[in-house]
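Have a look at the structure below, then the notes.
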Amino acid sequence: MSPTVSPGELDERAGVDPVARGLWHPLVAVHDLRRGQQGSAVLLGVRLDYTMAGDGSVSVCRSDDHDDRRPVQIAYEIVWTCLDEPATPLFETPEALETDRRIVHAGTIGVHVSAPRAVENFLDMAHFPYVHTDILGAEPFTEVEEYSVHVDPDTNEVWATDCVFWQPVAATTSTEGQMTDYRYRVPHPYCVVLYKTTPVDPDRFDVIALFCRPIAPDRIEAHMFLALLDADNSDADIRRFQLTIFGQDKPILENQFPKELPLDPRVETPIRADKVAIAYRRWLSDLGITHGVIPAA
Amino acid sequence: MTVGGWQPIAALDDLAPRHVFQASLDGQELAVWRADSGELNAWENRCLHRGVRLSIGFNNGAELLCRYHGWRYATGTAGCTYIPAHPADAPARTITNRTYPIVERYGLVWSGREVDGRPEEVAELGAHTLVLRALPVWAPRSFVLDALVDHRFAPNEGLDVDPAEVEMTCDRRQGSIVLTAAHGGSSSTVVYWVQSLDAHTSVIRPVLAETPDDVIAVLRHHARALRELVDRVERTVPSRSVEPQGPLETPVVVERSAGSGPHIEVRVRRKWWTAPDVAAFELTPLAGVLPTPQPGSHIDLRLPNGLVRQYSLTNGPGESDHYRIGVKLEVDGGGGSTLLHDVVTEGDVLTISGPRNGFPLRRDTEHTVLIAGGIGLTPLLAMAQAIRLDRRGFELHVFVRGEDALAFPDVVESFGADATVHVALSPAQTAGRIADVLVAARASHPGALVYACGPAPMLDVVRATAAAAGWADPAVHFEYFSNHHEIDDSTPFEVALARSGTTLEVPAGTSLLEVLRGAGVALPSSCEKGACGTCAVPVIDGTPDHHDVYLRDAERAANTTMLSCVSRARSDRLVLDL
Amino acid sequence: MTIELYDYVLSANCYKVRLLLSLLEVDHELRTVDFHPAREHRSEAFRRINPMGHIPVLVDDDVVLRDAHAILVYLAAAHDPTGRWYPTTDARVLGEMGQWVSFAEALMSSASAARLHVNLGYDLDVEAARRDAHALFRVLDDHLWFQEKAGRTWLCSPEHPTIADIAVFPDVVLSEEGGVSRLEYPAIRRWCDRVKAVPGFDVMPGVFGLGMS
Ligand SMILES: N[C@@H](CCC(=O)N[C@@H](CS)C(=O)NCC(=O)O)C(=O)O
Ligand code: FES
Ligand SMILES: [Fe+2]
């Protein structure tokens with residue numbers, strides 16, 4: 001797979017967001033690397049080349065300056081890198097390290113939308129009956145009940161807790177409809193992790209994450225990462241479920257305008273169900289993120 | 001880019017039943033659709049909620065539903081009628097999409113930005129015309145207009161003649177080009193308009209000034225000729241990018257006011273006796289459009305003698321050009337109904353408030369039980385029509401004193417077996433019947449909801465019977481028609497405006513925002529549900545009781561700002577920096 | 001024995017087959033091929049089923065078929081007792097169906113290629129693919145507009161849709177994922193609505209149904 005770009009993607013000026021440039025970003029899934037082979041991908045308007053050496057080590061550099069080697073780390077089955085010097089370490093997800101979990105990278109998919117729009121969609125329960133009909137929701141059960149939102153003062157992550165929604169088929173392991181409990185966590189402007197009830201174990205949560213590589217302000221590649229308590233289903237079945245869900249969201253995201261997320265709350269019409277999105281937008285404003293958003297005036 | 005002036009945006013035939021047509025005009029995308037009533041709509045192609053194109057949504061014949069979260073917008077007004085994530089809430093009136101003028105003429109559908117009147121009159125186009133195939137061109141409108149001047153085609157009577165032998169005459173008008181092709185004594189005239197999709201793309205829309213015998217052959221001839229023109233034009237213009245960026249303007253911040261203000265002047269378009277003691281009125285606005293009715297909403301009607309009475313709207317989905325109410329003659333009702341029955345006639349002008357909804361219909365159920373006593377039928381009529389459109393189950397029970405006492409019998413009859421009229425029962429019989437209904441519905445539809453409206457004694461029976469039959473309290477909804485006001489048990493408080501030195505009373509049931517606006521403070525608002533932060537006011541003293549979801553925890557704790565649409569006071573008094 | 005379909009959920013070609021199976025109400029089982037990211041279609045095991053390494057593949061008893069269009073022909077001929085989806089008695093209609101199935105092939109190297117570029121990063125000249133797709137859409141929109149004028153609903157002349165509609169529909173309805181807008185093609189958009197209204201119609205991720213759910 002050779003990640004080419006569409007016209008307009010290779011525009012470094014569009015990527016000049018000092019905050020975003022100081023973050024770790026997902027570059028390529030480990031399963032898409034071949035030993036001894038080189039590939040390239042665009043991050044924030046900058047083309048990067050990556051290579052997996054014969055010994056399995058991965059290196060990343062700017063395509064226009066091979067001496068400019070970028071930092072690399074492997075986490076969540078993905079190669080992560082940073083355009084400047086990393087201002088903060090990559091967030092951790094302890095559940096992803098639990099040894100009894102199924103770790104599945106469910107695939108990457110390009111979407112013509114900004115990363116914050118994709119994150120916000122991931123945080124949204126109200127669309128389940130309409131977009132993920134008969135899987136994650138079904139009419140007429142459309143109500144989003146009150147839930148809690150806070151920004152963790154220690155980690156500066158946005159959390160939504162006590163979220164519940166009625167779901168016909170919550171996961172590949174489901175056999176019947178259930179009220180599903182969710183917790184959402186935004187540890188990074190372009191990454192989001194959800195914890196959801198699993199039919200397998202009432203005391204633990206499945207972990208499903210969306211990590212976006214911002215290519216251009218209106219273009220991403222989305223990585224879907226799962227750490228599940230599911231011993232029975234094949235990787236192919238888990239991926240099928242996940243790709244089905246994401247494939248349903250994609251045309252919604254691609255029909256959203258503007259593609260960049262407006263941070264001024266008056267530009268769109270939020271409702272109480274959007275509490276976590278309201279907090280996310282304000283948090284992005286506080287961080288000073290400009291790539292992929294329309295800053296509030 | 002030309003802005004202004006009517007342009008054709010579609011052929012009338014393009015607007016198939018229940019279709020949502022994606023149109024574009026000078027770079028602005030529109031969602032264009034026709035209601036089952038025939039009403040045409042051209043709206044900004046963006047849902048107000050999260051900006052999703054409405055053209056991917058669903059036209060249910062009376063409303064356009066957004067694909068993302070199912071918000072509904074009514075035909076005509078584009079006002080939001082339902083937000084599924086919050087089934088118990090009535091959407092704020094401010095949630096109204098941007099509409100564009102739209103009219104039909106010459107078989108084409110026209111719109112424009114700042115336009116009035118009608119699209120230009122073209123003398124050549126009489127009673128018999130034929131809309132020819134329209135073709136998109138990847139070229140700016142001005143290019144296309146210039147090229148059309150040299151366009152050639154054959155007259156209907158000689159479609160096979162060598163184009164070189166046809167004599168063409170051209171008349172370039174304000175917005176159109178009129179071409180006539182003549183050969184051997186016969187001639188045909190076509191009027192061409194060019195719609196600008198965006199700065200790089202146009203659509204040529206021709207109309208033939210007659211209806212030929214062999215329609216298909218003529219259509220084919222013109223489509224072929226126009227295709228050649230398009231090819232020629234596209235060879236001469238610099239190539240357009242293949243992937244247009246969604247041709248939409250960046251939305252601007254719209255600070256919406258509360259709509260059409262506190263009072264609306266309406267004219268009685270129609271008055272009739274729908275039952276011997278029930279007068280029905282259809283009210284239409286003197287100017288502009290009426291705010292969108294929702295099932296369960298009511299208006300305040302200000303009578304000529306100064307009395308104010310509340311009446312529920314019976315409007316079904318799609319009925320947005322008028323309000324319909326039913327007024328029962330109450331002999332000891334303070335004179336309001338007498339006046340309406342005896343004095344007010346068709347053509348009279350009355351003053352009403354915009355609709356308020358203290359009895360919103362939840363739609364998150366498979367089955368709804370509607371129980372009406374007498375004139376309590378009116379809000380339930382609106383509800384039943386809305387549920388029917390959604391093809392969900394309902395049963396309407398109307399209790400009336402006598403056979404002929406049923407108001408709006410035609411609407412009730414249209415519900416067929418879903419409606420039952422219970423005639424002339426004693427109070428005890430009524431109670432028995434209500435018990436039967438509630439017990440049976442509870443057994444067959446455990447997730448059903450009940451809506452009841454009628455005289456207080458009957459509603460008390462419904463309340464007690466429902467509880468006895470095992471209905472959960474929140475599943476049963478009432479509207480006492482003697483008191484249409486939203487019941488808000490929060491306490492009143494006092495608010496002092498530091499800068500203007502005024503003190504105001506915020507009564508229970510009224511928001512701070514409403515009180516401030518009533519006192520002439522020009523406060524912007526948007527969602528009116530405490531979610532957007534638009535109506536924030538600075539607090540100098542006192543402790544707000546925050547009910548919003550917008551403020552950060554620290555802001556909330558600081559008590560220096562509050563959202564006036566939902567938040568109230570913990571202290572007896574607040575001082576605002578206004 | 002139930003029919004088995006080797007299938008990938010986001011593949012437009014697999015969707016053609018799933019759609020016809022749904023319209024014909026034919027029982028079947030899906031065998032998920034982990035096309036992306038695992039590239040299972042290139043595996044040894046899968047090449048034993050289809051040496052060309054493509055999905056979909058249909059197994060119906062001893063019939064093993066690759067190629068979506070071949071499978072559509074087979075399914076309609078074998079499992080549609082009404083014969084309406086693939087009418088073989090009229091030479092003209094046979095020709096029309098063949099013509100539109102070839103058109104569907106042309107969509108694969110244009111509209112579908114652009115979608116694979118955007119979604120999965122396939123290396124190709126996406127501008128050229130989009131330009132080709134628009135050229136095809138102009139032909140299709142012309143045809144469907146004149147069909148409407150002649151009182152016809154579908155790609156071919158019969159009153160009932162045929163496998164030609166099924167072969168062409170998926171890459172058309174998914175074109176916007178590849179950056180090919182259908183704003184300029186109203187007759188195509190109306191035809192897409194009509195396909196969605198056929199009883200038994202089924203969606204795939206990326207394709208909305210006609211109503212809300
Ligand atoms: N597929 C997840 C879905 C995760 C996903 O891809 N989608 C996001 C945003 S649409 C989400 O919130 N899903 C909720 C959910 O998965 O239940 C699941 O397997 O259960
Ligand atoms: S974006 Fe339209 S309902 Fe949410
Ligand atoms: Fe989703």
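Simple scheme: letters A, B, ... for chains in structure tokens order, numbers from 1 for residues in each chain, numbers from 1 for ligands in the order shown.
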Expected answer as a PyMOL selection string: chain B residues within 8 Å of chain A, only C-alpha atoms: chain B and resi 46+48-53+67-70+84-87+95+246+248+250-255+363-366+526-527+529-534+549-550+552-553
Prev. selection, N, CA and C atoms, output as a CSV table (one decimal), in the first residue's frame:
chain,number,residue,atom,x,y,z
B,46,ARG,N,-27.8,22.4,5.3
B,46,ARG,CA,-27.0,22.1,6.5
B,46,ARG,C,-28.0,22.0,7.7
B,48,LEU,N,-29.0,22.5,11.4
B,48,LEU,CA,-28.5,23.4,12.4
B,48,LEU,C,-27.7,22.8,13.5
B,49,HIS,N,-27.9,21.5,13.7
B,49,HIS,CA,-27.3,20.8,14.9
B,49,HIS,C,-25.8,20.6,14.7
B,50,ARG,N,-25.5,19.8,13.7
B,50,ARG,CA,-24.0,19.5,13.5
B,50,ARG,C,-23.6,19.7,12.0
B,51,GLY,N,-24.4,20.4,11.3
B,51,GLY,CA,-23.9,20.8,9.9
B,51,GLY,C,-24.0,19.7,8.9
B,52,VAL,N,-24.8,18.6,9.1
B,52,VAL,CA,-24.9,17.6,8.1
B,52,VAL,C,-25.8,18.0,7.0
B,53,ARG,N,-25.4,17.7,5.8
B,53,ARG,CA,-26.3,18.1,4.6
B,53,ARG,C,-27.7,17.5,4.8
B,67,ARG,N,-30.4,13.1,8.7
B,67,ARG,CA,-29.9,11.7,8.7
B,67,ARG,C,-29.1,11.4,10.0
B,68,TYR,N,-28.5,12.4,10.6
B,68,TYR,CA,-27.5,12.1,11.7
B,68,TYR,C,-28.2,11.8,13.0
B,69,HIS,N,-29.1,12.7,13.5
B,69,HIS,CA,-29.7,12.5,14.8
B,69,HIS,C,-31.2,12.7,14.7
B,70,GLY,N,-31.8,12.7,13.5
B,70,GLY,CA,-33.2,12.6,13.3
B,70,GLY,C,-33.9,13.9,13.7
B,84,PRO,N,-35.0,14.0,18.8
B,84,PRO,CA,-35.2,12.7,19.3
B,84,PRO,C,-34.3,12.4,20.6
B,85,ALA,N,-33.1,13.0,20.7
B,85,ALA,CA,-32.3,12.8,21.9
B,85,ALA,C,-33.0,13.2,23.1
B,86,HIS,N,-33.9,14.2,23.0
B,86,HIS,CA,-34.6,14.7,24.2
B,86,HIS,C,-36.1,14.6,23.9
B,87,PRO,N,-36.7,13.5,24.0
B,87,PRO,CA,-38.1,13.3,23.5
B,87,PRO,C,-39.1,14.1,24.3
B,95,ILE,N,-34.7,27.5,16.8
B,95,ILE,CA,-34.1,26.5,15.9
B,95,ILE,C,-34.9,26.4,14.6
B,246,GLY,N,-17.0,21.0,-1.0
B,246,GLY,CA,-18.4,21.2,-0.7
B,246,GLY,C,-18.8,22.6,-0.9
B,248,LEU,N,-20.3,25.2,-0.2
B,248,LEU,CA,-21.1,25.8,0.9
B,248,LEU,C,-20.3,26.9,1.5
B,250,THR,N,-19.1,29.1,4.6
B,250,THR,CA,-18.8,28.9,6.0
B,250,THR,C,-20.0,29.5,6.8
B,251,PRO,N,-20.6,28.8,7.6
B,251,PRO,CA,-21.7,29.4,8.4
B,251,PRO,C,-21.3,30.5,9.2
B,252,VAL,N,-22.1,31.5,9.3
B,252,VAL,CA,-21.8,32.6,10.2
B,252,VAL,C,-22.5,32.4,11.5
B,253,VAL,N,-22.0,33.1,12.5
B,253,VAL,CA,-22.7,33.0,13.8
B,253,VAL,C,-24.0,33.7,13.6
B,254,VAL,N,-25.1,33.0,13.9
B,254,VAL,CA,-26.4,33.6,13.9
B,254,VAL,C,-26.9,33.7,15.3
B,255,GLU,N,-27.1,35.0,15.7
B,255,GLU,CA,-27.7,35.1,17.0
B,255,GLU,C,-29.1,35.4,16.8
B,363,ARG,N,-41.9,10.8,21.3
B,363,ARG,CA,-42.1,9.8,20.2
B,363,ARG,C,-41.3,8.6,20.4
B,364,ASP,N,-40.7,8.4,21.6
B,364,ASP,CA,-39.8,7.2,21.8
B,364,ASP,C,-40.6,6.0,22.3
B,365,THR,N,-41.7,5.8,21.7
B,365,THR,CA,-42.5,4.6,22.1
B,365,THR,C,-43.2,4.0,20.8
B,366,GLU,N,-43.5,2.8,20.9
B,366,GLU,CA,-44.2,2.1,19.8
B,366,GLU,C,-45.7,2.4,19.8
B,526,SER,N,-29.7,31.2,21.5
B,526,SER,CA,-29.7,30.3,20.4
B,526,SER,C,-30.4,29.0,20.7
B,527,CYS,N,-29.8,28.2,21.6
B,527,CYS,CA,-30.5,26.9,21.8
B,527,CYS,C,-31.6,27.0,22.8
B,529,LYS,N,-31.6,26.0,25.7
B,529,LYS,CA,-31.6,24.8,26.5
B,529,LYS,C,-30.3,24.7,27.4
B,530,GLY,N,-29.6,25.8,27.5
B,530,GLY,CA,-28.5,25.8,28.4
B,530,GLY,C,-27.3,25.1,27.8
B,531,ALA,N,-27.2,25.0,26.5
B,531,ALA,CA,-26.1,24.2,25.9
B,531,ALA,C,-25.2,25.1,25.1
B,532,CYS,N,-25.5,26.3,24.7
B,532,CYS,CA,-24.6,27.0,23.7
B,532,CYS,C,-23.9,28.2,24.3
B,533,GLY,N,-24.4,28.7,25.4
B,533,GLY,CA,-23.7,29.8,26.1
B,533,GLY,C,-24.0,31.1,25.5
B,534,THR,N,-24.9,31.2,24.5
B,534,THR,CA,-25.1,32.5,23.9
B,534,THR,C,-25.8,33.5,24.8
B,549,VAL,N,-25.5,23.1,30.7
B,549,VAL,CA,-24.5,22.0,30.5
B,549,VAL,C,-23.3,22.7,29.8
B,550,TYR,N,-23.2,24.0,29.8
B,550,TYR,CA,-22.2,24.7,29.0
B,550,TYR,C,-21.0,25.1,29.8
B,552,ARG,N,-18.0,25.6,32.4
B,552,ARG,CA,-17.0,24.7,33.0
B,552,ARG,C,-17.3,24.7,34.5
B,553,ASP,N,-16.8,23.6,35.2
B,553,ASP,CA,-17.0,23.5,36.6
B,553,ASP,C,-16.6,24.8,37.4
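Every residue of chain B that lies within 8 Å of chain C is listed here, counting only C-alpha atoms: Asp14, Ala16, His19, Phe21, Gln22, Ala23, Gly57, Phe58, Leu65, Arg67, Gly70, Pro136, Ile216, Val242, Glu243 and Pro244 of chain B.
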Shell of 7 Å around ligand 1 (only C-alpha atoms and all ligand atoms), written as a list in words: Asn121, Phe122, Leu123, Asp124, Met125, Leu136, Ala170, Ala171, Leu194, Lys196, Ile208, Phe241, Gln242, Ile245, Phe246 and Asp249 of chain A
Just-selected residues, N, CA, C and O atoms written as an mmCIF file, in the first residue's frame:
data_model
loop_
_atom_site.group_PDB
_atom_site.id
_atom_site.type_symbol
_atom_site.label_atom_id
_atom_site.label_comp_id
_atom_site.auth_asym_id
_atom_site.auth_seq_id
_atom_site.Cartn_x
_atom_site.Cartn_y
_atom_site.Cartn_z
ATOM 1 N N ASN A 121 -17.818 12.786 16.664
ATOM 2 C CA ASN A 121 -18.788 11.763 16.277
ATOM 3 C C ASN A 121 -18.651 10.524 17.158
ATOM 4 O O ASN A 121 -19.631 9.897 17.545
ATOM 5 N N PHE A 122 -17.400 10.201 17.474
ATOM 6 C CA PHE A 122 -17.149 9.028 18.314
ATOM 7 C C PHE A 122 -17.719 9.233 19.716
ATOM 8 O O PHE A 122 -18.108 8.281 20.390
ATOM 9 N N LEU A 123 -17.781 10.483 20.144
ATOM 10 C CA LEU A 123 -18.280 10.805 21.489
ATOM 11 C C LEU A 123 -19.802 10.871 21.546
ATOM 12 O O LEU A 123 -20.370 11.165 22.587
ATOM 13 N N ASP A 124 -20.441 10.657 20.437
ATOM 14 C CA ASP A 124 -21.869 10.976 20.316
ATOM 15 C C ASP A 124 -22.701 9.702 20.383
ATOM 16 O O ASP A 124 -22.461 8.756 19.639
ATOM 17 N N MET A 125 -23.670 9.687 21.272
ATOM 18 C CA MET A 125 -24.552 8.521 21.363
ATOM 19 C C MET A 125 -25.855 8.734 20.591
ATOM 20 O O MET A 125 -26.486 7.787 20.154
ATOM 21 N N LEU A 136 -26.181 -0.466 17.071
ATOM 22 C CA LEU A 136 -25.883 0.297 18.288
ATOM 23 C C LEU A 136 -27.098 1.074 18.797
ATOM 24 O O LEU A 136 -27.035 1.726 19.828
ATOM 25 N N ALA A 170 -24.800 -4.803 20.862
ATOM 26 C CA ALA A 170 -23.751 -3.894 21.306
ATOM 27 C C ALA A 170 -22.365 -4.310 20.819
ATOM 28 O O ALA A 170 -21.491 -3.490 20.628
ATOM 29 N N ALA A 171 -22.156 -5.595 20.619
ATOM 30 C CA ALA A 171 -20.819 -6.066 20.244
ATOM 31 C C ALA A 171 -20.947 -7.398 19.529
ATOM 32 O O ALA A 171 -22.026 -7.990 19.478
ATOM 33 N N LEU A 194 -13.128 4.715 24.072
ATOM 34 C CA LEU A 194 -14.366 4.457 24.789
ATOM 35 C C LEU A 194 -14.281 3.131 25.516
ATOM 36 O O LEU A 194 -13.585 2.211 25.109
ATOM 37 N N LYS A 196 -16.805 0.322 27.127
ATOM 38 C CA LYS A 196 -18.216 -0.033 27.109
ATOM 39 C C LYS A 196 -18.468 -1.382 27.739
ATOM 40 O O LYS A 196 -17.598 -2.259 27.734
ATOM 41 N N ILE A 208 -12.388 0.486 23.059
ATOM 42 C CA ILE A 208 -12.412 0.741 21.616
ATOM 43 C C ILE A 208 -11.885 2.156 21.415
ATOM 44 O O ILE A 208 -12.363 3.088 22.063
ATOM 45 N N PHE A 241 -17.243 -6.169 12.240
ATOM 46 C CA PHE A 241 -18.169 -5.391 13.056
ATOM 47 C C PHE A 241 -17.703 -3.937 13.126
ATOM 48 O O PHE A 241 -18.469 -2.994 12.900
ATOM 49 N N GLN A 242 -16.426 -3.768 13.408
ATOM 50 C CA GLN A 242 -15.896 -2.425 13.584
ATOM 51 C C GLN A 242 -15.928 -1.620 12.283
ATOM 52 O O GLN A 242 -16.256 -0.443 12.269
ATOM 53 N N ILE A 245 -19.402 -0.433 11.591
ATOM 54 C CA ILE A 245 -19.745 0.761 12.362
ATOM 55 C C ILE A 245 -19.078 1.989 11.750
ATOM 56 O O ILE A 245 -19.719 3.009 11.487
ATOM 57 N N PHE A 246 -17.785 1.879 11.516
ATOM 58 C CA PHE A 246 -17.093 3.071 11.024
ATOM 59 C C PHE A 246 -17.530 3.418 9.605
ATOM 60 O O PHE A 246 -17.652 4.589 9.252
ATOM 61 N N ASP A 249 -20.453 5.590 9.788
ATOM 62 C CA ASP A 249 -20.193 6.971 10.202
ATOM 63 C C ASP A 249 -19.589 7.800 9.077
ATOM 64 O O ASP A 249 -19.793 9.009 8.999
#
Residue set, region 161-283 of chain A restricted to strand (DSSP E or B), as a PyMOL selection string: chain A and resi 161-167+178-188+191-197+205-216+219-228+256+261-262
In region 131-202 of chain C, DSSP helix (DSSP H, G or I) residues written as a PyMOL selection string: chain C and resi 131-149+163-173+175-178+186-196
If you keep C-alpha atoms, can you produce a file of those selected residues as a PDB file, in the first residue's frame?
ATOM      1  CA  ARG C 131     -12.636  12.700 -14.372  1.00  0.00           C
ATOM      2  CA  ASP C 132     -13.449   9.323 -15.947  1.00  0.00           C
ATOM      3  CA  ALA C 133     -16.189   8.779 -13.397  1.00  0.00           C
ATOM      4  CA  HIS C 134     -17.798  12.107 -14.243  1.00  0.00           C
ATOM      5  CA  ALA C 135     -17.694  11.264 -17.948  1.00  0.00           C
ATOM      6  CA  LEU C 136     -19.499   7.993 -17.199  1.00  0.00           C
ATOM      7  CA  PHE C 137     -22.001   9.703 -14.904  1.00  0.00           C
ATOM      8  CA  ARG C 138     -22.922  12.109 -17.677  1.00  0.00           C
ATOM      9  CA  VAL C 139     -23.733   9.155 -19.903  1.00  0.00           C
ATOM     10  CA  LEU C 140     -25.699   7.476 -17.148  1.00  0.00           C
ATOM     11  CA  ASP C 141     -27.632  10.606 -16.200  1.00  0.00           C
ATOM     12  CA  ASP C 142     -28.528  11.211 -19.851  1.00  0.00           C
ATOM     13  CA  HIS C 143     -29.758   7.668 -20.218  1.00  0.00           C
ATOM     14  CA  LEU C 144     -31.810   7.689 -17.034  1.00  0.00           C
ATOM     15  CA  TRP C 145     -33.336  11.070 -17.839  1.00  0.00           C
ATOM     16  CA  PHE C 146     -34.526   9.803 -21.206  1.00  0.00           C
ATOM     17  CA  GLN C 147     -35.730   6.599 -19.606  1.00  0.00           C
ATOM     18  CA  GLU C 148     -37.901   8.718 -17.305  1.00  0.00           C
ATOM     19  CA  LYS C 149     -39.222  10.667 -20.248  1.00  0.00           C
ATOM     20  CA  ILE C 163     -29.178  -7.338 -12.645  1.00  0.00           C
ATOM     21  CA  ALA C 164     -27.917  -4.351 -14.653  1.00  0.00           C
ATOM     22  CA  ASP C 165     -29.326  -2.028 -11.994  1.00  0.00           C
ATOM     23  CA  ILE C 166     -27.704  -4.126  -9.288  1.00  0.00           C
ATOM     24  CA  ALA C 167     -24.344  -4.150 -11.072  1.00  0.00           C
ATOM     25  CA  VAL C 168     -24.261  -0.383 -11.577  1.00  0.00           C
ATOM     26  CA  PHE C 169     -25.851   0.838  -8.339  1.00  0.00           C
ATOM     27  CA  PRO C 170     -23.110   0.225  -5.716  1.00  0.00           C
ATOM     28  CA  ASP C 171     -20.229   2.117  -7.321  1.00  0.00           C
ATOM     29  CA  VAL C 172     -22.585   4.953  -8.206  1.00  0.00           C
ATOM     30  CA  VAL C 173     -24.122   5.311  -4.772  1.00  0.00           C
ATOM     31  CA  SER C 175     -19.020   7.560  -5.456  1.00  0.00           C
ATOM     32  CA  GLU C 176     -18.935  10.440  -3.022  1.00  0.00           C
ATOM     33  CA  GLU C 177     -16.567   8.474  -0.783  1.00  0.00           C
ATOM     34  CA  GLY C 178     -14.131   8.770  -3.665  1.00  0.00           C
ATOM     35  CA  PRO C 186     -30.349  14.552 -10.703  1.00  0.00           C
ATOM     36  CA  ALA C 187     -31.619  11.649 -12.787  1.00  0.00           C
ATOM     37  CA  ILE C 188     -28.980   9.396 -11.223  1.00  0.00           C
ATOM     38  CA  ARG C 189     -30.015  10.535  -7.763  1.00  0.00           C
ATOM     39  CA  ARG C 190     -33.657   9.770  -8.422  1.00  0.00           C
ATOM     40  CA  TRP C 191     -32.770   6.346  -9.793  1.00  0.00           C
ATOM     41  CA  CYS C 192     -30.755   5.648  -6.626  1.00  0.00           C
ATOM     42  CA  ASP C 193     -33.898   6.468  -4.615  1.00  0.00           C
ATOM     43  CA  ARG C 194     -35.918   4.099  -6.788  1.00  0.00           C
ATOM     44  CA  VAL C 195     -33.429   1.264  -6.306  1.00  0.00           C
ATOM     45  CA  LYS C 196     -33.619   1.831  -2.552  1.00  0.00           C
TER      46      LYS C 196
END
Selected residue of minimal separation from chain C among A:Pro199, A:Gly177, A:Pro214, A:Gly107, counting only C-alpha atoms: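 Of A:Pro199, A:Gly177, A:Pro214, A:Gly107, the one nearest chain C is A:Gly107, counting only C-alpha atoms.
All residues of protein, DNA or RNA that reach within 10 Å of region 112-120 of chain B, judged by only C-alpha atoms and not counting those fewer than 3 positions away in the chain, are Val3, Gly4, Gly5, Trp6, Gln7, Pro8, Ile9, Leu25, Asp26, Gln28, Ala42, Thr99, Tyr100, Pro101, Ile102, Val103, Glu104, Arg105, Tyr106, Val109, Ala123, Arg173, Gln174, Gly175 and Ser176 of chain B.
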